[in-house]
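The block underneath contains the structure these notes are about, expressed in structure tokens.
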Amino acid sequence: MLYACGVRYGYRLRELKKTFLFLVLGVMALLLVYPAYIALGALARGYDWREMDWNSDGRTTLSEFLSSADIAKRSIKRGQDVCWEYYALKDGLPVRTDCGLRVFIRP
Ligand SMILES: [Ca+2]
């Protein structure tokens with residue numbers, strides 16, 4: 001044990017190591033918990049995998065999956081078609097619109 005000016009440096013070093021270990025573990029926990037939180041938000045939307053292909057290139061990437069947490073859908077009407085419009089929750093702007101559901105109105 002090293003003493004200088006009445007201070008036990010071994011004790012302080014152990015306390016610093018413990019504090020550093022808790023900081024490292026806290027940062028690691030945040031790095032793991034945040035993506036899991038976003039992924040759970042994306043899963044809670046209930047979209048199927050192909051539906052989350054937001055740029056319509058035929059593939060759903062992990063980034064598109066994670067961004068699904070901030071995208072909602074609403075039905076809109078275009079002429080006689082009923083379409084699904086996917087929009088960003090942050091600003092309400094449309095991300096993609098899927099049409100093709102034909103509505104037949106009985107006379
Ligand atoms: Ca895509």
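Ligands are numbered from 1 in the order shown, chains are lettered A, B, ... in the order of the structure tokens, and residues start at 1 in each chain.
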
Using only C-alpha atoms and all ligand atoms, find each protein or nucleic acid residue lying at most 10 Å from ligand 1; present the set as a PDB file with N, CA and C atoms, in the first residue's frame.
```pdb
ATOM      1  N   ARG A  50     -41.650  -7.792 -46.173  1.00  0.00           N
ATOM      2  CA  ARG A  50     -41.683  -7.150 -47.501  1.00  0.00           C
ATOM      3  C   ARG A  50     -42.329  -5.770 -47.449  1.00  0.00           C
ATOM      4  N   GLU A  51     -43.234  -5.590 -46.525  1.00  0.00           N
ATOM      5  CA  GLU A  51     -43.925  -4.307 -46.387  1.00  0.00           C
ATOM      6  C   GLU A  51     -42.963  -3.199 -45.944  1.00  0.00           C
ATOM      7  N   MET A  52     -41.870  -3.579 -45.287  1.00  0.00           N
ATOM      8  CA  MET A  52     -40.927  -2.592 -44.764  1.00  0.00           C
ATOM      9  C   MET A  52     -39.853  -2.200 -45.780  1.00  0.00           C
ATOM     10  N   ASP A  53     -40.019  -2.584 -47.040  1.00  0.00           N
ATOM     11  CA  ASP A  53     -39.095  -2.187 -48.109  1.00  0.00           C
ATOM     12  C   ASP A  53     -39.470  -0.762 -48.529  1.00  0.00           C
ATOM     13  N   TRP A  54     -39.044   0.203 -47.755  1.00  0.00           N
ATOM     14  CA  TRP A  54     -39.530   1.574 -47.916  1.00  0.00           C
ATOM     15  C   TRP A  54     -39.095   2.223 -49.214  1.00  0.00           C
ATOM     16  N   ASN A  55     -37.954   1.854 -49.780  1.00  0.00           N
ATOM     17  CA  ASN A  55     -37.542   2.461 -51.044  1.00  0.00           C
ATOM     18  C   ASN A  55     -37.919   1.599 -52.253  1.00  0.00           C
ATOM     19  N   SER A  56     -38.656   0.523 -52.027  1.00  0.00           N
ATOM     20  CA  SER A  56     -39.191  -0.344 -53.095  1.00  0.00           C
ATOM     21  C   SER A  56     -38.112  -0.875 -54.024  1.00  0.00           C
ATOM     22  N   ASP A  57     -36.958  -1.265 -53.478  1.00  0.00           N
ATOM     23  CA  ASP A  57     -35.920  -1.859 -54.312  1.00  0.00           C
ATOM     24  C   ASP A  57     -35.943  -3.383 -54.263  1.00  0.00           C
ATOM     25  N   GLY A  58     -36.939  -3.952 -53.610  1.00  0.00           N
ATOM     26  CA  GLY A  58     -37.073  -5.396 -53.584  1.00  0.00           C
ATOM     27  C   GLY A  58     -36.397  -6.060 -52.396  1.00  0.00           C
ATOM     28  N   ARG A  59     -35.679  -5.297 -51.590  1.00  0.00           N
ATOM     29  CA  ARG A  59     -35.008  -5.868 -50.426  1.00  0.00           C
ATOM     30  C   ARG A  59     -35.323  -5.018 -49.207  1.00  0.00           C
ATOM     31  N   THR A  60     -35.516  -5.671 -48.087  1.00  0.00           N
ATOM     32  CA  THR A  60     -35.694  -4.948 -46.835  1.00  0.00           C
ATOM     33  C   THR A  60     -34.397  -5.038 -46.056  1.00  0.00           C
ATOM     34  N   THR A  61     -33.788  -3.903 -45.843  1.00  0.00           N
ATOM     35  CA  THR A  61     -32.520  -3.873 -45.120  1.00  0.00           C
ATOM     36  C   THR A  61     -32.778  -3.710 -43.619  1.00  0.00           C
ATOM     37  N   LEU A  62     -31.736  -3.919 -42.857  1.00  0.00           N
ATOM     38  CA  LEU A  62     -31.844  -3.736 -41.408  1.00  0.00           C
ATOM     39  C   LEU A  62     -32.188  -2.291 -41.075  1.00  0.00           C
ATOM     40  N   SER A  63     -31.632  -1.363 -41.838  1.00  0.00           N
ATOM     41  CA  SER A  63     -31.932   0.052 -41.632  1.00  0.00           C
ATOM     42  C   SER A  63     -33.409   0.346 -41.876  1.00  0.00           C
ATOM     43  N   GLU A  64     -33.960  -0.242 -42.930  1.00  0.00           N
ATOM     44  CA  GLU A  64     -35.387  -0.043 -43.208  1.00  0.00           C
ATOM     45  C   GLU A  64     -36.245  -0.654 -42.100  1.00  0.00           C
ATOM     46  N   PHE A  65     -35.806  -1.822 -41.617  1.00  0.00           N
ATOM     47  CA  PHE A  65     -36.530  -2.452 -40.517  1.00  0.00           C
ATOM     48  C   PHE A  65     -36.530  -1.553 -39.290  1.00  0.00           C
TER      49      PHE A  65
END
```

Worksheet item: What residues in chain A get the DSSP label alpha helix (DSSP H)? Please answer as number ranges by chain.
Response: A: 9-44, 62-67

Just N, CA and C atoms for this one: save the residues we selected as a compact mmCIF listing (two decimals), in the first residue's frame.
```
# COMPACT_ATOMS: atom_id res chain seq x y z
N TYR A 9 -3.12 5.43 -1.67
CA TYR A 9 -3.35 5.42 -3.12
C TYR A 9 -3.89 4.09 -3.62
N GLY A 10 -3.58 3.00 -2.94
CA GLY A 10 -4.13 1.71 -3.36
C GLY A 10 -5.65 1.72 -3.26
N TYR A 11 -6.17 2.28 -2.19
CA TYR A 11 -7.61 2.35 -2.00
C TYR A 11 -8.25 3.21 -3.09
N ARG A 12 -7.64 4.36 -3.37
CA ARG A 12 -8.18 5.26 -4.41
C ARG A 12 -8.13 4.61 -5.79
N LEU A 13 -7.06 3.90 -6.05
CA LEU A 13 -6.93 3.23 -7.35
C LEU A 13 -8.02 2.18 -7.53
N ARG A 14 -8.31 1.42 -6.44
CA ARG A 14 -9.37 0.43 -6.51
C ARG A 14 -10.72 1.10 -6.74
N GLU A 15 -10.97 2.21 -6.08
CA GLU A 15 -12.23 2.93 -6.27
C GLU A 15 -12.34 3.47 -7.70
N LEU A 16 -11.24 3.99 -8.24
CA LEU A 16 -11.25 4.48 -9.63
C LEU A 16 -11.50 3.34 -10.61
N LYS A 17 -10.86 2.19 -10.36
CA LYS A 17 -11.09 1.03 -11.24
C LYS A 17 -12.55 0.60 -11.20
N LYS A 18 -13.14 0.59 -9.99
CA LYS A 18 -14.54 0.18 -9.85
C LYS A 18 -15.45 1.18 -10.57
N THR A 19 -15.18 2.46 -10.43
CA THR A 19 -15.99 3.49 -11.10
C THR A 19 -15.86 3.36 -12.61
N PHE A 20 -14.63 3.14 -13.08
CA PHE A 20 -14.40 2.98 -14.52
C PHE A 20 -15.13 1.75 -15.04
N LEU A 21 -15.10 0.66 -14.28
CA LEU A 21 -15.79 -0.56 -14.69
C LEU A 21 -17.29 -0.33 -14.79
N PHE A 22 -17.87 0.38 -13.81
CA PHE A 22 -19.31 0.67 -13.87
C PHE A 22 -19.64 1.57 -15.06
N LEU A 23 -18.77 2.53 -15.36
CA LEU A 23 -19.00 3.39 -16.53
C LEU A 23 -18.97 2.58 -17.82
N VAL A 24 -17.97 1.71 -17.96
CA VAL A 24 -17.86 0.89 -19.16
C VAL A 24 -19.08 -0.02 -19.30
N LEU A 25 -19.48 -0.65 -18.20
CA LEU A 25 -20.66 -1.53 -18.24
C LEU A 25 -21.92 -0.74 -18.56
N GLY A 26 -22.04 0.48 -18.04
CA GLY A 26 -23.20 1.31 -18.33
C GLY A 26 -23.27 1.70 -19.80
N VAL A 27 -22.14 2.07 -20.37
CA VAL A 27 -22.11 2.44 -21.79
C VAL A 27 -22.43 1.23 -22.65
N MET A 28 -21.87 0.06 -22.29
CA MET A 28 -22.16 -1.16 -23.06
C MET A 28 -23.65 -1.51 -22.97
N ALA A 29 -24.23 -1.34 -21.80
CA ALA A 29 -25.66 -1.64 -21.65
C ALA A 29 -26.49 -0.71 -22.52
N LEU A 30 -26.12 0.58 -22.54
CA LEU A 30 -26.86 1.53 -23.40
C LEU A 30 -26.71 1.17 -24.87
N LEU A 31 -25.52 0.75 -25.27
CA LEU A 31 -25.30 0.39 -26.67
C LEU A 31 -26.11 -0.84 -27.07
N LEU A 32 -26.41 -1.70 -26.12
CA LEU A 32 -27.21 -2.89 -26.42
C LEU A 32 -28.70 -2.63 -26.25
N VAL A 33 -29.06 -1.84 -25.27
CA VAL A 33 -30.48 -1.64 -24.95
C VAL A 33 -31.15 -0.74 -25.98
N TYR A 34 -30.48 0.30 -26.44
CA TYR A 34 -31.12 1.24 -27.37
C TYR A 34 -31.53 0.58 -28.69
N PRO A 35 -30.62 -0.18 -29.36
CA PRO A 35 -31.06 -0.85 -30.58
C PRO A 35 -32.18 -1.86 -30.33
N ALA A 36 -32.14 -2.52 -29.17
CA ALA A 36 -33.21 -3.46 -28.85
C ALA A 36 -34.54 -2.72 -28.68
N TYR A 37 -34.48 -1.55 -28.07
CA TYR A 37 -35.69 -0.72 -27.89
C TYR A 37 -36.26 -0.30 -29.25
N ILE A 38 -35.38 0.11 -30.16
CA ILE A 38 -35.83 0.51 -31.50
C ILE A 38 -36.39 -0.70 -32.25
N ALA A 39 -35.73 -1.84 -32.14
CA ALA A 39 -36.21 -3.04 -32.83
C ALA A 39 -37.57 -3.47 -32.30
N LEU A 40 -37.78 -3.37 -31.00
CA LEU A 40 -39.09 -3.72 -30.44
C LEU A 40 -40.16 -2.76 -30.93
N GLY A 41 -39.80 -1.48 -31.07
CA GLY A 41 -40.75 -0.50 -31.61
C GLY A 41 -41.11 -0.83 -33.05
N ALA A 42 -40.13 -1.29 -33.83
CA ALA A 42 -40.39 -1.67 -35.22
C ALA A 42 -41.27 -2.91 -35.27
N LEU A 43 -41.00 -3.87 -34.40
CA LEU A 43 -41.82 -5.09 -34.39
C LEU A 43 -43.24 -4.79 -33.94
N ALA A 44 -43.40 -3.82 -33.06
CA ALA A 44 -44.73 -3.49 -32.55
C ALA A 44 -45.63 -2.90 -33.64
N LEU A 62 -31.74 -3.92 -42.86
CA LEU A 62 -31.84 -3.74 -41.41
C LEU A 62 -32.19 -2.29 -41.08
N SER A 63 -31.63 -1.36 -41.84
CA SER A 63 -31.93 0.05 -41.63
C SER A 63 -33.41 0.35 -41.88
N GLU A 64 -33.96 -0.24 -42.93
CA GLU A 64 -35.39 -0.04 -43.21
C GLU A 64 -36.25 -0.65 -42.10
N PHE A 65 -35.81 -1.82 -41.62
CA PHE A 65 -36.53 -2.45 -40.52
C PHE A 65 -36.53 -1.55 -39.29
N LEU A 66 -35.36 -1.00 -38.94
CA LEU A 66 -35.28 -0.16 -37.74
C LEU A 66 -36.04 1.14 -37.91
N SER A 67 -36.10 1.68 -39.14
CA SER A 67 -36.84 2.92 -39.34
C SER A 67 -38.35 2.70 -39.31
```

Discussion item. What does the structure give for the distance between atom CA of Arg45 of chain A and atom CA of Ile71 of chain A, in Å to one decimal?
Written reply: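 We find that atom CA of Arg45 of chain A and atom CA of Ile71 of chain A lie 8.2 Å from each other.
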
Discussion item. What parts of chain A does DSSP call strand (DSSP E)? I'd like the answer as a count of residues only.
Written reply: 29

Worksheet item: Can you list, as a ChimeraX atom specification, every protein, DNA or RNA residue that comes within 12 Å of Arg74 of chain A when you count only C-alpha atoms, leaving out same-chain residues fewer than 6 positions away?
Response: /A:82-89,92-99
